[in-house]
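*Asks:* Below is the file target35.cif, with mmCIF, C-alpha atoms and all ligand atoms.
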data_start
loop_
_atom_site.group_PDB
_atom_site.id
_atom_site.type_symbol
_atom_site.label_atom_id
_atom_site.label_comp_id
_atom_site.auth_asym_id
_atom_site.auth_seq_id
_atom_site.Cartn_x
_atom_site.Cartn_y
_atom_site.Cartn_z
ATOM 1 C CA MET X 1 -76.111 81.001 -116.088
ATOM 2 C CA ILE X 2 -74.464 80.751 -119.515
ATOM 3 C CA GLU X 3 -75.020 77.655 -121.631
ATOM 4 C CA VAL X 4 -72.882 76.821 -124.680
ATOM 5 C CA ARG X 5 -74.740 74.774 -127.295
ATOM 6 C CA ARG X 6 -74.998 74.028 -131.000
ATOM 7 C CA ALA X 7 -76.648 76.795 -132.989
ATOM 8 C CA GLU X 8 -80.049 76.102 -134.521
ATOM 9 C CA LEU X 9 -81.755 77.793 -137.475
ATOM 10 C CA GLY X 10 -83.862 79.811 -135.041
ATOM 11 C CA ASP X 11 -80.640 81.400 -133.728
ATOM 12 C CA VAL X 12 -79.751 83.168 -136.992
ATOM 13 C CA GLU X 13 -81.099 86.571 -135.962
ATOM 14 C CA GLY X 14 -79.554 86.342 -132.487
ATOM 15 C CA ILE X 15 -76.186 85.463 -134.014
ATOM 16 C CA ARG X 16 -76.474 88.396 -136.440
ATOM 17 C CA GLN X 17 -77.117 90.727 -133.535
ATOM 18 C CA ILE X 18 -73.844 89.637 -131.916
ATOM 19 C CA GLY X 19 -71.955 90.670 -135.048
ATOM 20 C CA LEU X 20 -73.881 93.916 -135.468
ATOM 21 C CA GLN X 21 -73.284 94.924 -131.838
ATOM 22 C CA THR X 22 -69.708 93.659 -131.459
ATOM 23 C CA TRP X 23 -67.964 94.665 -134.696
ATOM 24 C CA PRO X 24 -68.367 98.473 -134.374
ATOM 25 C CA VAL X 25 -67.026 98.372 -130.794
ATOM 26 C CA ALA X 26 -64.207 95.883 -131.414
ATOM 27 C CA TYR X 27 -63.020 97.355 -134.701
ATOM 28 C CA GLY X 28 -64.048 101.005 -134.322
ATOM 29 C CA GLY X 29 -60.536 102.383 -133.813
ATOM 30 C CA LEU X 30 -58.785 99.756 -135.912
ATOM 31 C CA VAL X 31 -60.329 99.867 -139.371
ATOM 32 C CA SER X 32 -62.493 102.132 -141.534
ATOM 33 C CA GLU X 33 -66.264 102.378 -141.215
ATOM 34 C CA GLN X 34 -66.447 100.989 -144.734
ATOM 35 C CA PHE X 35 -64.499 97.865 -143.688
ATOM 36 C CA ILE X 36 -66.980 97.327 -140.851
ATOM 37 C CA ALA X 37 -70.015 97.886 -143.075
ATOM 38 C CA ASP X 38 -68.625 95.541 -145.761
ATOM 39 C CA GLY X 39 -67.701 92.862 -143.212
ATOM 40 C CA LEU X 40 -71.126 92.961 -141.573
ATOM 41 C CA ALA X 41 -72.809 92.648 -144.971
ATOM 42 C CA GLN X 42 -70.510 89.844 -146.109
ATOM 43 C CA TYR X 43 -70.090 87.696 -142.993
ATOM 44 C CA TRP X 44 -73.169 88.468 -140.902
ATOM 45 C CA SER X 45 -76.007 88.420 -143.421
ATOM 46 C CA PRO X 46 -78.690 85.788 -142.676
ATOM 47 C CA GLU X 47 -77.411 83.789 -145.662
ATOM 48 C CA ALA X 48 -73.791 83.891 -144.478
ATOM 49 C CA VAL X 49 -74.754 82.863 -140.936
ATOM 50 C CA GLU X 50 -76.869 79.977 -142.263
ATOM 51 C CA ARG X 51 -74.099 78.874 -144.627
ATOM 52 C CA GLY X 52 -71.659 78.770 -141.724
ATOM 53 C CA MET X 53 -74.073 76.585 -139.766
ATOM 54 C CA ARG X 54 -74.594 74.231 -142.703
ATOM 55 C CA TYR X 55 -70.998 73.788 -143.858
ATOM 56 C CA GLY X 56 -69.164 74.238 -140.561
ATOM 57 C CA ILE X 57 -69.688 74.185 -136.822
ATOM 58 C CA THR X 58 -71.483 77.039 -135.073
ATOM 59 C CA LEU X 59 -71.910 77.173 -131.308
ATOM 60 C CA VAL X 60 -73.639 79.871 -129.288
ATOM 61 C CA ALA X 61 -73.421 81.013 -125.685
ATOM 62 C CA ALA X 62 -76.930 81.643 -124.352
ATOM 63 C CA ASP X 63 -77.929 83.545 -121.242
ATOM 64 C CA GLY X 64 -81.534 82.353 -121.058
ATOM 65 C CA GLU X 65 -83.202 83.552 -124.256
ATOM 66 C CA GLN X 66 -80.424 85.973 -125.159
ATOM 67 C CA LEU X 67 -77.436 84.929 -127.248
ATOM 68 C CA VAL X 68 -74.296 86.602 -125.847
ATOM 69 C CA GLY X 69 -71.538 84.918 -127.862
ATOM 70 C CA VAL X 70 -70.876 82.858 -130.966
ATOM 71 C CA VAL X 71 -68.055 80.759 -132.375
ATOM 72 C CA GLY X 72 -67.930 79.526 -135.956
ATOM 73 C CA LEU X 73 -65.496 77.011 -137.432
ATOM 74 C CA GLY X 74 -65.061 75.796 -140.974
ATOM 75 C CA ARG X 75 -62.803 73.841 -143.277
ATOM 76 C CA GLU X 76 -60.262 75.659 -145.409
ATOM 77 C CA ASP X 77 -57.953 73.482 -147.529
ATOM 78 C CA ASP X 78 -57.144 70.667 -145.096
ATOM 79 C CA PHE X 79 -57.320 72.900 -142.018
ATOM 80 C CA TRP X 80 -60.000 73.731 -139.491
ATOM 81 C CA VAL X 81 -60.252 77.520 -139.151
ATOM 82 C CA MET X 82 -62.115 79.549 -136.533
ATOM 83 C CA TRP X 83 -64.011 82.078 -138.650
ATOM 84 C CA LYS X 84 -65.778 83.833 -135.826
ATOM 85 C CA LEU X 85 -65.400 84.250 -132.094
ATOM 86 C CA TYR X 86 -67.430 87.127 -130.726
ATOM 87 C CA VAL X 87 -68.853 87.977 -127.332
ATOM 88 C CA LEU X 88 -71.215 90.927 -126.791
ATOM 89 C CA PRO X 89 -69.245 93.888 -125.377
ATOM 90 C CA ASP X 90 -70.973 93.923 -121.986
ATOM 91 C CA HIS X 91 -70.441 90.162 -121.553
ATOM 92 C CA GLN X 92 -66.694 90.156 -122.295
ATOM 93 C CA GLY X 93 -64.069 89.370 -119.637
ATOM 94 C CA LYS X 94 -66.308 86.894 -117.804
ATOM 95 C CA GLY X 95 -65.084 83.633 -119.293
ATOM 96 C CA VAL X 96 -67.642 83.350 -122.126
ATOM 97 C CA GLY X 97 -64.970 83.506 -124.851
ATOM 98 C CA LYS X 98 -62.946 80.765 -123.206
ATOM 99 C CA ALA X 99 -66.048 78.606 -122.725
ATOM 100 C CA LEU X 100 -66.892 78.992 -126.449
ATOM 101 C CA LEU X 101 -63.316 78.230 -127.509
ATOM 102 C CA ASP X 102 -63.117 75.126 -125.302
ATOM 103 C CA ALA X 103 -66.473 73.864 -126.613
ATOM 104 C CA ALA X 104 -65.416 74.557 -130.210
ATOM 105 C CA ILE X 105 -62.272 72.476 -129.825
ATOM 106 C CA GLU X 106 -64.342 69.742 -128.205
ATOM 107 C CA ALA X 107 -66.733 69.810 -131.196
ATOM 108 C CA LEU X 108 -64.003 69.256 -133.816
ATOM 109 C CA PRO X 109 -63.964 65.823 -135.432
ATOM 110 C CA ALA X 110 -61.897 63.171 -133.656
ATOM 111 C CA GLY X 111 -58.322 63.192 -134.863
ATOM 112 C CA THR X 112 -58.151 66.965 -135.453
ATOM 113 C CA THR X 113 -54.798 68.153 -134.105
ATOM 114 C CA GLU X 114 -54.721 71.848 -135.007
ATOM 115 C CA LEU X 115 -57.012 74.889 -135.124
ATOM 116 C CA LEU X 116 -56.157 78.055 -137.043
ATOM 117 C CA LEU X 117 -57.644 81.523 -136.976
ATOM 118 C CA ASP X 118 -57.021 84.886 -138.574
ATOM 119 C CA VAL X 119 -57.001 88.105 -136.583
ATOM 120 C CA LEU X 120 -56.345 91.778 -137.289
ATOM 121 C CA VAL X 121 -52.761 92.588 -136.242
ATOM 122 C CA GLY X 122 -54.058 95.653 -134.365
ATOM 123 C CA ASN X 123 -56.634 93.682 -132.389
ATOM 124 C CA GLU X 124 -54.448 93.445 -129.288
ATOM 125 C CA GLN X 125 -57.249 92.397 -126.935
ATOM 126 C CA ALA X 126 -58.076 89.377 -129.089
ATOM 127 C CA ILE X 127 -54.412 88.491 -129.739
ATOM 128 C CA ARG X 128 -53.708 88.557 -125.994
ATOM 129 C CA PHE X 129 -56.726 86.302 -125.420
ATOM 130 C CA TYR X 130 -55.560 83.871 -128.126
ATOM 131 C CA ARG X 131 -51.977 83.761 -126.831
ATOM 132 C CA ALA X 132 -53.254 83.123 -123.306
ATOM 133 C CA ASN X 133 -55.285 80.266 -124.760
ATOM 134 C CA GLY X 134 -52.448 78.473 -126.514
ATOM 135 C CA PHE X 135 -52.365 80.086 -129.987
ATOM 136 C CA GLY X 136 -49.052 81.049 -131.579
ATOM 137 C CA ASP X 137 -47.382 81.244 -134.961
ATOM 138 C CA PRO X 138 -48.459 78.489 -137.367
ATOM 139 C CA ALA X 139 -46.033 76.190 -139.146
ATOM 140 C CA ARG X 140 -48.384 75.939 -142.152
ATOM 141 C CA THR X 141 -51.423 77.939 -143.220
ATOM 142 C CA PRO X 142 -54.244 77.665 -145.740
ATOM 143 C CA ASP X 143 -53.484 79.066 -149.166
ATOM 144 C CA ARG X 144 -55.198 82.416 -148.581
ATOM 145 C CA ASP X 145 -53.295 85.699 -148.700
ATOM 146 C CA LEU X 146 -54.240 87.752 -145.637
ATOM 147 C CA GLY X 147 -52.344 90.893 -146.659
ATOM 148 C CA VAL X 148 -50.469 92.916 -144.039
ATOM 149 C CA GLU X 149 -53.331 93.865 -141.706
ATOM 150 C CA THR X 150 -54.366 90.350 -140.739
ATOM 151 C CA MET X 151 -52.340 87.394 -139.483
ATOM 152 C CA TRP X 152 -52.727 83.679 -138.909
ATOM 153 C CA MET X 153 -52.488 82.064 -135.478
ATOM 154 C CA SER X 154 -52.531 78.373 -134.683
ATOM 155 C CA ARG X 155 -53.114 76.101 -131.719
ATOM 156 C CA GLY X 156 -51.661 72.648 -132.146
ATOM 157 C CA GLY X 157 -51.577 69.595 -129.970
ATOM 158 C CA LEU X 158 -55.364 69.321 -129.654
HETATM 159 C C1 LIG T 201 -61.774 88.197 -127.812
HETATM 160 C C2 LIG T 201 -63.072 87.717 -127.152
HETATM 161 C C3 LIG T 201 -63.754 86.728 -128.059
HETATM 162 C C4 LIG T 201 -62.732 87.030 -125.829
HETATM 163 O O1 LIG T 201 -63.951 86.677 -125.188
HETATM 164 P P1 LIG T 201 -64.175 87.033 -123.640
HETATM 165 O O2 LIG T 201 -65.457 86.443 -123.212
HETATM 166 O O3 LIG T 201 -63.984 88.476 -123.433
HETATM 167 O O4 LIG T 201 -62.955 86.200 -123.022
HETATM 168 P P2 LIG T 201 -62.807 85.617 -121.548
HETATM 169 O O5 LIG T 201 -63.666 86.345 -120.608
HETATM 170 O O6 LIG T 201 -62.942 84.139 -121.627
HETATM 171 O O7 LIG T 201 -61.300 85.973 -121.306
HETATM 172 C C5 LIG T 201 -60.899 87.368 -121.436
HETATM 173 C C6 LIG T 201 -60.095 87.786 -120.253
HETATM 174 O O8 LIG T 201 -60.917 87.805 -119.122
HETATM 175 C C7 LIG T 201 -60.319 87.048 -118.076
HETATM 176 N N1 LIG T 201 -61.387 86.323 -117.396
HETATM 177 C C8 LIG T 201 -61.856 85.114 -117.721
HETATM 178 N N2 LIG T 201 -62.843 84.741 -116.889
HETATM 179 C C9 LIG T 201 -63.006 85.755 -116.033
HETATM 180 C C10 LIG T 201 -63.894 85.982 -114.960
HETATM 181 N N3 LIG T 201 -64.810 85.078 -114.584
HETATM 182 N N4 LIG T 201 -63.799 87.169 -114.310
HETATM 183 C C11 LIG T 201 -62.878 88.086 -114.700
HETATM 184 N N5 LIG T 201 -62.006 87.917 -115.714
HETATM 185 C C12 LIG T 201 -62.080 86.771 -116.362
HETATM 186 C C13 LIG T 201 -59.380 86.104 -118.747
HETATM 187 O O9 LIG T 201 -58.246 85.837 -117.919
HETATM 188 C C14 LIG T 201 -58.976 86.820 -120.007
HETATM 189 O O10 LIG T 201 -57.823 87.571 -119.831
HETATM 190 P P3 LIG T 201 -56.733 87.631 -121.035
HETATM 191 O O11 LIG T 201 -57.448 88.198 -122.250
HETATM 192 O O12 LIG T 201 -55.683 88.526 -120.542
HETATM 193 O O13 LIG T 201 -56.334 86.221 -121.268
HETATM 194 C C15 LIG T 201 -64.030 88.879 -126.837
HETATM 195 O O14 LIG T 201 -63.400 89.774 -125.966
HETATM 196 C C16 LIG T 201 -64.518 89.611 -128.054
HETATM 197 O O15 LIG T 201 -65.544 89.256 -128.613
HETATM 198 N N6 LIG T 201 -63.829 90.687 -128.443
HETATM 199 C C17 LIG T 201 -64.247 91.540 -129.503
HETATM 200 C C18 LIG T 201 -64.346 90.849 -130.815
HETATM 201 C C19 LIG T 201 -63.071 90.224 -131.271
HETATM 202 O O16 LIG T 201 -62.051 90.882 -131.363
HETATM 203 N N7 LIG T 201 -63.134 88.924 -131.574
HETATM 204 C C20 LIG T 201 -62.029 88.178 -132.097
HETATM 205 C C21 LIG T 201 -61.966 88.392 -133.563
HETATM 206 S S1 LIG T 201 -60.614 87.516 -134.288
#
What is this file in structure tokens?
*Replies:*
Amino acid sequence: MIEVRRAELGDVEGIRQIGLQTWPVAYGGLVSEQFIADGLAQYWSPEAVERGMRYGITLVAADGEQLVGVVGLGREDDFWVMWKLYVLPDHQGKGVGKALLDAAIEALPAGTTELLLDVLVGNEQAIRFYRANGFGDPARTPDRDLGVETMWMSRGGL
């Protein structure tokens, strides 16, 4: 039985493990090993995970004691952006990602109408998931240049 709940400080190591186990599998054929190593150091350090919890919204999917998925949201300019949505490889395709996404939208402050995210253009599995869950091209984006390998997606009408 999977439970989605707010992350607590005691979850930091479990959240880190999701990144460490998911990134090499998800991005292995898409980007360089250096990109993966840099991203894990930058976004999945204990400090980065704690910062995300403090300044944004972090929810986890727990299967008993084990954390199997995480979603992280934060403010960027006047937008809410989904920084992280990751499910452990052997727990994907069972509805955990959708449960985390639904709970994340539910957790946004009242009056929020739009959620953005950025995704690697080659990450077809994730893009298909996002399209199936109502994300498309945004009308406006935060003022952050993503370069050519990453793109913005948006879900409005929340
Ligand atoms: C993208 C990701 C977050 C989606 O999470 P997930 O738990 O696999 O997603 P779900 O199980 O909710 O949905 C995935 C598919 O399984 C199907 N599915 C949902 N519940 C199901 C169930 N009970 N049984 C079988 N299939 C199911 C869905 O229809 C969906 O199909 P679609 O992708 O064609 O829409 C996850 O696969 C992941 O972590 N991927 C690697 C990391 C990554 O790329 N993250 C995004 C970075 S931007």
*Asks:* List as a PyMOL selection string: which residues have an atom within 10 Å of (-74.7, 89.7, -126.6), counting only C-alpha atoms?
*Replies:* chain X and resi 14-15+17-22+61-63+66-70+86-92
*Asks:* Store the residues picked out above in a file with C-alpha atoms, as a CSV table (one decimal), keeping the file's coordinate frame.
*Replies:*
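Saved to selection13.csv:
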chain,number,residue,atom,x,y,z
X,14,GLY,CA,-79.6,86.3,-132.5
X,15,ILE,CA,-76.2,85.5,-134.0
X,17,GLN,CA,-77.1,90.7,-133.5
X,18,ILE,CA,-73.8,89.6,-131.9
X,19,GLY,CA,-72.0,90.7,-135.0
X,20,LEU,CA,-73.9,93.9,-135.5
X,21,GLN,CA,-73.3,94.9,-131.8
X,22,THR,CA,-69.7,93.7,-131.5
X,61,ALA,CA,-73.4,81.0,-125.7
X,62,ALA,CA,-76.9,81.6,-124.4
X,63,ASP,CA,-77.9,83.5,-121.2
X,66,GLN,CA,-80.4,86.0,-125.2
X,67,LEU,CA,-77.4,84.9,-127.2
X,68,VAL,CA,-74.3,86.6,-125.8
X,69,GLY,CA,-71.5,84.9,-127.9
X,70,VAL,CA,-70.9,82.9,-131.0
X,86,TYR,CA,-67.4,87.1,-130.7
X,87,VAL,CA,-68.9,88.0,-127.3
X,88,LEU,CA,-71.2,90.9,-126.8
X,89,PRO,CA,-69.2,93.9,-125.4
X,90,ASP,CA,-71.0,93.9,-122.0
X,91,HIS,CA,-70.4,90.2,-121.6
X,92,GLN,CA,-66.7,90.2,-122.3
*Asks:* Which residues of chain X come within 6 Å of ligand LIG 201 (chain T), and for each one, what is the closest pair of atoms and their distance in Å to one decimal, counting all atoms listed in the file, sorted by chain and residue number, as JSON lines?
*Replies:*
{"residue": "X:Ala26", "atom": "CA", "partner": "T:LIG201", "partner_atom": "C17", "distance": 4.7}
{"residue": "X:Leu85", "atom": "CA", "partner": "T:LIG201", "partner_atom": "C3", "distance": 5.0}
{"residue": "X:Tyr86", "atom": "CA", "partner": "T:LIG201", "partner_atom": "O15", "distance": 3.5}
{"residue": "X:Val87", "atom": "CA", "partner": "T:LIG201", "partner_atom": "O15", "distance": 3.8}
{"residue": "X:Gln92", "atom": "CA", "partner": "T:LIG201", "partner_atom": "O3", "distance": 3.4}
{"residue": "X:Gly93", "atom": "CA", "partner": "T:LIG201", "partner_atom": "O5", "distance": 3.2}
{"residue": "X:Lys94", "atom": "CA", "partner": "T:LIG201", "partner_atom": "C10", "distance": 3.8}
{"residue": "X:Gly95", "atom": "CA", "partner": "T:LIG201", "partner_atom": "O6", "distance": 3.2}
{"residue": "X:Val96", "atom": "CA", "partner": "T:LIG201", "partner_atom": "O2", "distance": 3.9}
{"residue": "X:Gly97", "atom": "CA", "partner": "T:LIG201", "partner_atom": "O1", "distance": 3.3}
{"residue": "X:Lys98", "atom": "CA", "partner": "T:LIG201", "partner_atom": "O6", "distance": 3.7}
{"residue": "X:Val119", "atom": "CA", "partner": "T:LIG201", "partner_atom": "S1", "distance": 4.3}
{"residue": "X:Ala126", "atom": "CA", "partner": "T:LIG201", "partner_atom": "C1", "distance": 4.1}
{"residue": "X:Arg128", "atom": "CA", "partner": "T:LIG201", "partner_atom": "O11", "distance": 5.3}
{"residue": "X:Phe129", "atom": "CA", "partner": "T:LIG201", "partner_atom": "O11", "distance": 3.8}
{"residue": "X:Ala132", "atom": "CA", "partner": "T:LIG201", "partner_atom": "O13", "distance": 4.8}
*Asks:* What gap, in Å, lies between CA of Glu65 in chain X and CA of Ala103 in chain X?
*Replies:*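 Computed distance, CA of Glu65 in chain X to CA of Ala103 in chain X, equals 19.5 Å.
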*Asks:* I need the residue set behind the PyMOL selection byres (((chain X and resi 5) around 7) and not hetatm) for this file; please write it as a VMD selection string.
*Replies:* chain X and resid 3 to 4 6 to 7 59 to 61
*Asks:* To one decimal in Å, tell me the separation between CA of Thr150 in chain X and CA of Ile127 in chain X.
*Replies:*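 Going from CA of Thr150 in chain X over to CA of Ile127 in chain X covers 11.2 Å.
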*Asks:* Would you work out the distance separating CA of Ile57 in chain X from CA of Leu73 in chain X, expressed in Å to one decimal?
*Replies:*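 Interatomic distance here is 5.1 Å.
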*Asks:* Can you tell me which residues surround Thr113 in chain X at a distance of at most 8 Å, considering all atoms listed in the file, apart from same-chain residues fewer than 3 positions away, and format the answer as a PyMOL selection string?
*Replies:* chain X and resi 156-158
*Asks:* If you keep C-alpha atoms, can you produce a file of those selected residues as a PDB file, in the coordinates of the input?
*Replies:*
ATOM      1  CA  GLY X 156     -51.661  72.648-132.146  1.00  0.00           C
ATOM      2  CA  GLY X 157     -51.577  69.595-129.970  1.00  0.00           C
ATOM      3  CA  LEU X 158     -55.364  69.321-129.654  1.00  0.00           C
TER       4      LEU X 158
END
*Asks:* Evaluating the PyMOL selection byres (((chain X and resi 152) around 6) and not hetatm) on the displayed file yields which residues, as number ranges by chain?
*Replies:* X: 117-118, 151, 153
*Asks:* Take the selection from the previous step and output its residues with C-alpha atoms, as a PDB file, in the frame of the given file.
*Replies:*
ATOM      1  CA  LEU X 117     -57.644  81.523-136.976  1.00  0.00           C
ATOM      2  CA  ASP X 118     -57.021  84.886-138.574  1.00  0.00           C
ATOM      3  CA  MET X 151     -52.340  87.394-139.483  1.00  0.00           C
ATOM      4  CA  MET X 153     -52.488  82.064-135.478  1.00  0.00           C
TER       5      MET X 153
END
*Asks:* Kindly indicate which residue among X:Val71, X:Ala139, X:Val12, X:Ala107 lies nearest to Trp44 in chain X, using all atoms listed in the file for the distances.
*Replies:* X:Val12
*Asks:* Residues picked by the PyMOL selection byres (((chain X and resi 76) around 10) and not hetatm) here, as a VMD selection string?
*Replies:* chain X and resid 73 to 75 77 to 82 116 141 to 144
*Asks:* So, counting only C-alpha atoms, which residue among X:Leu108, X:Pro138, X:Asn123, X:Ala99 is closest to Gly56 in chain X?
*Replies:*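 Closest candidate: X:Leu108.
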*Asks:* Kindly indicate which residue among X:Tyr27, X:Gln125, X:Glu13, X:Glu8 lies nearest to Met53 in chain X, using only C-alpha atoms for the distances.
*Replies:*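 Distance minimum relative to Met53 in chain X lands on X:Glu8.
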*Asks:* Go through X:Glu106, X:Ala48, X:Asp145, X:Phe135 one by one, measure the shortest atom-to-atom distance of each to Trp83 in chain X using all atoms listed in the file, and give the residue with the smallest value.
*Replies:*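 Using all atoms listed in the file, the shortest distance to Trp83 in chain X belongs to X:Ala48.
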